Amino acid sequence: MARSRLTELAVELRASVERSLAIYFRYPAQVVSDFLATPLWMLFFTLPILMFAPPESWSSPEFLAKLYWGWITLGILSSSFWSIGHAIEREAKMGTLEALFATNANRVVLFSGRVAVMVMSTLVEAAYVWALLHATFGFNPPVRDSAALLTAWILVIITAVGLSAAYGALVLRLKNPGALTNILQFALVVLTGAFFPVTSLPGPLPSLAMLIPLTYPVDLVRWASIGEETLLDPALEFALSAALAALSVALGGAALRAVEEENRRSGRLGFH
Amino acid sequence: MRDRILEFKAVFYRDMALWLRYPSWIFVFFAFPYLFTGMFYAIGVALAGPGAVQNFQATTGTENFLVYNVAGMGIFMAAVVMVEDAGAAVRREQLLGTLEAIMAAPASRVLVLSASAAPNLLLTFATLCLAVVPAAALTGAAGPLETAAALLLALVGMLPLAGLGMVLAGLVVKFKEPWGALNVAKALIGVVSGVGYPLEVLPEWLRLAGMAFPTTHAISMLRDALIFHRVHGGTLLSLAAVAVMAAVYPAVGGSVLRRVIREAERSGEISTY
């Protein structure tokens with residue numbers, strides 16, 4: 001009996017996640033080191049920002065909350081971009097990219113398993129960092145509306161996967177993504193307002209930020225967590241974010257397929 | 001001796017060819033310090049408001065946040081490349097199956113596996129100069145001579161990183177995938193070196209740990225010369241510390257690498273990956 005396309009996608013996603021989980025847990029030292037390194041990286045990124053604030057505000061709950069939620073957004077965005085860009089590069093280096101592309105699996109789903117694992121690891125680290133901050137400063141991250149926060153996170157992840165697929169297409173074309181990933185992820189963190197409302201950006205940057213689909217779900221995360229004002233009416237912003245998430249995935253998948261086709265024609269698919 | 005020079009030249013040419021094959025990385029090493037500085041500044045201003053630069057001056061002693069952060073991030077990037085690439089180069093040979101071929105060649109194994117430090121040092125120092133010079137000139141922090149002297153101090157501070165790279169190369173020969181430990185080491189180096197803040201904000205024990213890393217001294221010397229225009233007892237102590245590290249770390253790293261290779265050859269582990 002023919003399975004529906006939705007069932008097929010679910011099966012492909014499950015296979016992709018299972019494969020990524022198996023690879024992730026194959027190196028337990030990597031899992032442990034992630035836990036050890038996370039608070040250090042947080043300090044590395046947070047302390048230079050704190051230099052711009054008066055010392056008496058460093059441990060204020062509002063300040064810590066903005067940094068904490070911003071940190072999680074940064075983690076999820078960079079996980080998505082590194083996961084898809086690197087997954088494509090790694091498969092090409094291992095000589096398995098052609099084999100994967102010879103299957104009829106959905107190209108976005110093919111690499112999303114790795115994103116799922118990285119997002120899971122980021123969320124576990126977020127819980128662990130919260131425990132550390134709670135033990136050190138008595139800090140509890142504020143949550144204004146937990147259902148809205150969860151929905152906003154899901155929209156952030158779906159949109160990030162869509163954009164990462166478009167970025168993956170660029171990787172297929174450029175072959176070495178490391179440099180681009182680094183620049184892109186930090187530019188996106190600033191431009192989508194992971195740590196602060198995009199309206200605080202100088203000059204024409206707020207207008208540029210409004211053109212990025214991720215800006216809206218990230219804005220909703222800040223609204224649902226620390227209660228900051230949204231760019232649009234929250235209900236309208238949720239609807240817009242959902243539409244942009246779907247559009248991002250569709251366009252990302254189309255871009256990936258287009259570059260794959262072009263590489264097939266030119267015989268450059270397995271080049272790296 | 002002539003053979004060793006030829007081997008060194010061969011590795012140097014190979015690694016420069018690899019770097020130049022992906023020139024976008026060179027752009028990143030130059031751009032990254034600016035990207036991070038921009039990110040720290042943008043988030044800092046958005047969170048702290050118009051008094052952000054005054055706050056920065058009160059804590060760091062200068063309002064020149066551009067040179068302060070570009071200098072710190074530039075040295076940090078150099079450290080990451082010099083340490084990580086030494087291991088990545090060995091890992092690449094393992095995965096491609098060319099490590100055994102290198103071992104079979106009538107060349108010094110330690111030299112072939114560690115000479116990458118030279119092109120990496122050259123490349124990272126060049127990109128550090130490319131990053132620091134415009135920042136110092138744009139902000140009027142230092143004149144050409146002061147900038148040159150500051151960069152020379154930074155170069156001395158970067159020399160011991162070759163030794164840390166050799167240790168990592170040894171870890172790759174032994175454990176194949178030491179990236180977890182490397183991730184912790186990179187984060188630790190980043191935190192204890194005071195990349196974007198003065199060391200005084202760290203607890204005493206972290207400050208003491210930082211003294212063992214050349215990056216801490218290199219950043220401190222670079223900032224002292226570029227921003228604060230001072231050579232004090234601390235600067236001279238830092239210079240002495242990195243001079244000792246430059247002699248000791250590569251010697252220890254070389255010895256570790258030599259021992260690991262010998263053991264791996266004896267046990268046959270050299271061909272596993």
# chains A, B, ... in the order shown; residues from 1 in each chain; ligands from 1

call {"tool": "interface_residues", "arguments": {"of": "chain B", "to": "chain A", "cutoff": "7 Å", "atoms": "only C-alpha atoms", "output": "list in words"}}
result
Ser24, Trp25, Val28, Met39, Phe40, Tyr41, Ile43, Gly44, Val45, Ala46, Leu47, Ala48, Ala52, Val53, Asn55, Phe56, Thr59, Gly180, Ala181, Asn183, Val184, Ala187, Leu188, Gly190, Val191, Gly196 and Tyr197 of chain B

call {"tool": "select_by_dssp", "arguments": {"residues": "stretch 44-232 of chain A", "states": "alpha helix (DSSP H)", "output": "VMD selection string"}}
result
chain A and resid 44 to 50 61 to 94 97 to 101 107 to 137 146 to 174 178 to 191 205 to 210 215 to 226

call {"tool": "atom_distance", "arguments": {"atom1": "atom CA of A:Gln185", "atom2": "atom CA of A:Trp71"}}
result
12.6 Å

call {"tool": "residues_around", "arguments": {"residues": "stretch 73-79 of chain A", "least_positions_apart": "5", "cutoff": "10 Å", "atoms": "only C-alpha atoms", "output": "ChimeraX atom specification"}}
result
/A:67-68,84-85,114-123,125-126,153,156-157,159-161,163-164,181-182,184-186,188-190,192-195,214,218,221-222

call {"tool": "write_last_selection", "arguments": {"atoms": "N, CA, C and O atoms", "output": "short mmCIF file (atom, residue, chain, number, x, y, z; two decimals), in the first residue's frame"}}
result
data_model
loop_
_atom_site.label_atom_id
_atom_site.label_comp_id
_atom_site.auth_asym_id
_atom_site.auth_seq_id
_atom_site.Cartn_x
_atom_site.Cartn_y
_atom_site.Cartn_z
N LEU A 67 20.57 38.22 28.57
CA LEU A 67 21.74 37.48 28.11
C LEU A 67 21.45 35.99 28.01
O LEU A 67 21.87 35.32 27.06
N TYR A 68 20.71 35.47 28.98
CA TYR A 68 20.42 34.03 29.01
C TYR A 68 19.60 33.61 27.79
O TYR A 68 19.97 32.69 27.06
N ILE A 84 23.91 21.92 9.15
CA ILE A 84 23.62 21.64 7.74
C ILE A 84 24.85 21.89 6.87
O ILE A 84 25.22 21.05 6.05
N GLY A 85 25.51 23.03 7.07
CA GLY A 85 26.70 23.33 6.27
C GLY A 85 27.75 22.26 6.42
O GLY A 85 28.30 21.75 5.44
N ARG A 114 20.58 16.11 12.08
CA ARG A 114 21.72 16.68 12.79
C ARG A 114 21.30 17.96 13.52
O ARG A 114 21.73 18.22 14.64
N VAL A 115 20.44 18.74 12.88
CA VAL A 115 19.95 19.96 13.53
C VAL A 115 19.18 19.58 14.79
O VAL A 115 19.36 20.20 15.85
N ALA A 116 18.34 18.55 14.68
CA ALA A 116 17.53 18.14 15.83
C ALA A 116 18.44 17.77 17.01
O ALA A 116 18.19 18.15 18.16
N VAL A 117 19.51 17.04 16.72
CA VAL A 117 20.42 16.62 17.79
C VAL A 117 21.13 17.83 18.39
O VAL A 117 21.24 17.95 19.62
N MET A 118 21.57 18.74 17.53
CA MET A 118 22.29 19.91 18.04
C MET A 118 21.35 20.81 18.86
O MET A 118 21.76 21.38 19.87
N VAL A 119 20.10 20.93 18.41
CA VAL A 119 19.14 21.75 19.16
C VAL A 119 18.87 21.10 20.51
O VAL A 119 18.83 21.77 21.55
N MET A 120 18.72 19.76 20.50
CA MET A 120 18.51 19.04 21.76
C MET A 120 19.68 19.31 22.71
O MET A 120 19.49 19.63 23.88
N SER A 121 20.88 19.23 22.17
CA SER A 121 22.05 19.43 23.02
C SER A 121 22.09 20.88 23.54
O SER A 121 22.42 21.11 24.70
N THR A 122 21.70 21.85 22.69
CA THR A 122 21.66 23.25 23.15
C THR A 122 20.66 23.43 24.27
O THR A 122 20.93 24.13 25.26
N LEU A 123 19.49 22.78 24.14
CA LEU A 123 18.46 22.95 25.18
C LEU A 123 18.89 22.29 26.49
O LEU A 123 18.63 22.81 27.57
N GLU A 125 21.96 21.97 27.45
CA GLU A 125 22.98 22.89 28.00
C GLU A 125 22.31 24.11 28.63
O GLU A 125 22.77 24.63 29.64
N ALA A 126 21.21 24.57 28.01
CA ALA A 126 20.50 25.74 28.56
C ALA A 126 19.99 25.43 29.96
O ALA A 126 20.07 26.27 30.87
N TRP A 153 9.78 29.17 19.93
CA TRP A 153 11.00 28.38 19.73
C TRP A 153 10.86 27.46 18.54
O TRP A 153 11.78 27.32 17.73
N VAL A 156 11.23 29.44 15.52
CA VAL A 156 12.64 29.80 15.31
C VAL A 156 13.38 28.63 14.67
O VAL A 156 14.12 28.79 13.69
N ILE A 157 13.15 27.42 15.22
CA ILE A 157 13.89 26.25 14.73
C ILE A 157 13.51 25.93 13.28
O ILE A 157 14.38 25.70 12.44
N THR A 159 12.23 27.94 10.99
CA THR A 159 12.75 28.98 10.09
C THR A 159 14.26 28.82 9.91
O THR A 159 14.79 28.96 8.79
N ALA A 160 14.95 28.53 11.03
CA ALA A 160 16.42 28.37 10.95
C ALA A 160 16.77 27.18 10.06
O ALA A 160 17.73 27.25 9.29
N VAL A 161 15.99 26.11 10.13
CA VAL A 161 16.25 24.94 9.27
C VAL A 161 16.06 25.33 7.81
O VAL A 161 16.88 24.98 6.95
N LEU A 163 16.31 28.36 6.43
CA LEU A 163 17.41 29.23 6.00
C LEU A 163 18.71 28.44 5.89
O LEU A 163 19.54 28.69 5.01
N SER A 164 18.89 27.47 6.81
CA SER A 164 20.11 26.66 6.77
C SER A 164 20.15 25.81 5.51
O SER A 164 21.22 25.53 4.97
N THR A 181 30.02 30.37 7.40
CA THR A 181 29.19 30.05 8.56
C THR A 181 29.48 30.99 9.71
O THR A 181 28.58 31.50 10.37
N ASN A 182 30.78 31.20 9.96
CA ASN A 182 31.17 32.05 11.07
C ASN A 182 30.60 33.46 10.92
O ASN A 182 30.05 34.01 11.86
N LEU A 184 28.15 34.50 8.94
CA LEU A 184 26.70 34.51 8.85
C LEU A 184 26.03 34.38 10.22
O LEU A 184 25.10 35.11 10.55
N GLN A 185 26.53 33.46 11.03
CA GLN A 185 25.85 33.22 12.30
C GLN A 185 25.91 34.43 13.23
O GLN A 185 24.93 34.77 13.88
N PHE A 186 27.06 35.12 13.26
CA PHE A 186 27.16 36.25 14.17
C PHE A 186 26.44 37.48 13.61
O PHE A 186 25.87 38.26 14.37
N LEU A 188 23.72 37.25 11.90
CA LEU A 188 22.30 36.97 12.16
C LEU A 188 21.93 37.21 13.62
O LEU A 188 20.83 37.69 13.92
N VAL A 189 22.85 36.88 14.52
CA VAL A 189 22.57 37.08 15.94
C VAL A 189 22.31 38.56 16.23
O VAL A 189 21.38 38.92 16.96
N VAL A 190 23.12 39.42 15.61
CA VAL A 190 22.94 40.86 15.83
C VAL A 190 21.70 41.35 15.08
O VAL A 190 20.85 42.05 15.64
N THR A 192 19.01 39.81 13.93
CA THR A 192 17.68 39.32 14.28
C THR A 192 17.29 39.70 15.71
O THR A 192 16.21 39.38 16.16
N GLY A 193 18.21 40.37 16.41
CA GLY A 193 17.89 40.84 17.75
C GLY A 193 17.80 39.73 18.78
O GLY A 193 16.89 39.71 19.60
N ALA A 194 18.75 38.82 18.74
CA ALA A 194 18.73 37.72 19.71
C ALA A 194 18.82 38.24 21.15
O ALA A 194 18.22 37.69 22.06
N PHE A 195 19.58 39.32 21.34
CA PHE A 195 19.81 39.82 22.70
C PHE A 195 19.02 41.09 23.01
O PHE A 195 18.92 41.48 24.16
N LEU A 214 13.80 35.40 10.30
CA LEU A 214 14.05 34.97 11.68
C LEU A 214 13.77 36.06 12.71
O LEU A 214 13.54 35.77 13.89
N VAL A 218 12.19 35.35 16.63
CA VAL A 218 13.13 35.70 17.71
C VAL A 218 12.52 36.81 18.57
O VAL A 218 12.63 36.80 19.81
N VAL A 221 10.16 35.29 20.90
CA VAL A 221 10.83 34.62 22.03
C VAL A 221 11.08 35.63 23.14
O VAL A 221 10.82 35.37 24.32
N ARG A 222 11.56 36.83 22.78
CA ARG A 222 11.83 37.84 23.80
C ARG A 222 10.54 38.30 24.47
O ARG A 222 10.48 38.54 25.67
#

call {"tool": "closest_residue", "arguments": {"among": "B:Lys174, B:Pro119, B:Gly51, B:Ala101", "to": "B:Ala264", "atoms": "only C-alpha atoms"}}
result
B:Lys174

call {"tool": "residues_around", "arguments": {"residues": "stretch 244-255 of chain B", "least_positions_apart": "5", "cutoff": "12 Å", "atoms": "only C-alpha atoms", "output": "PyMOL selection string"}}
result
chain B and resi 83+86+108-115+117+155-171+211-215+217-218+237-239+260-262
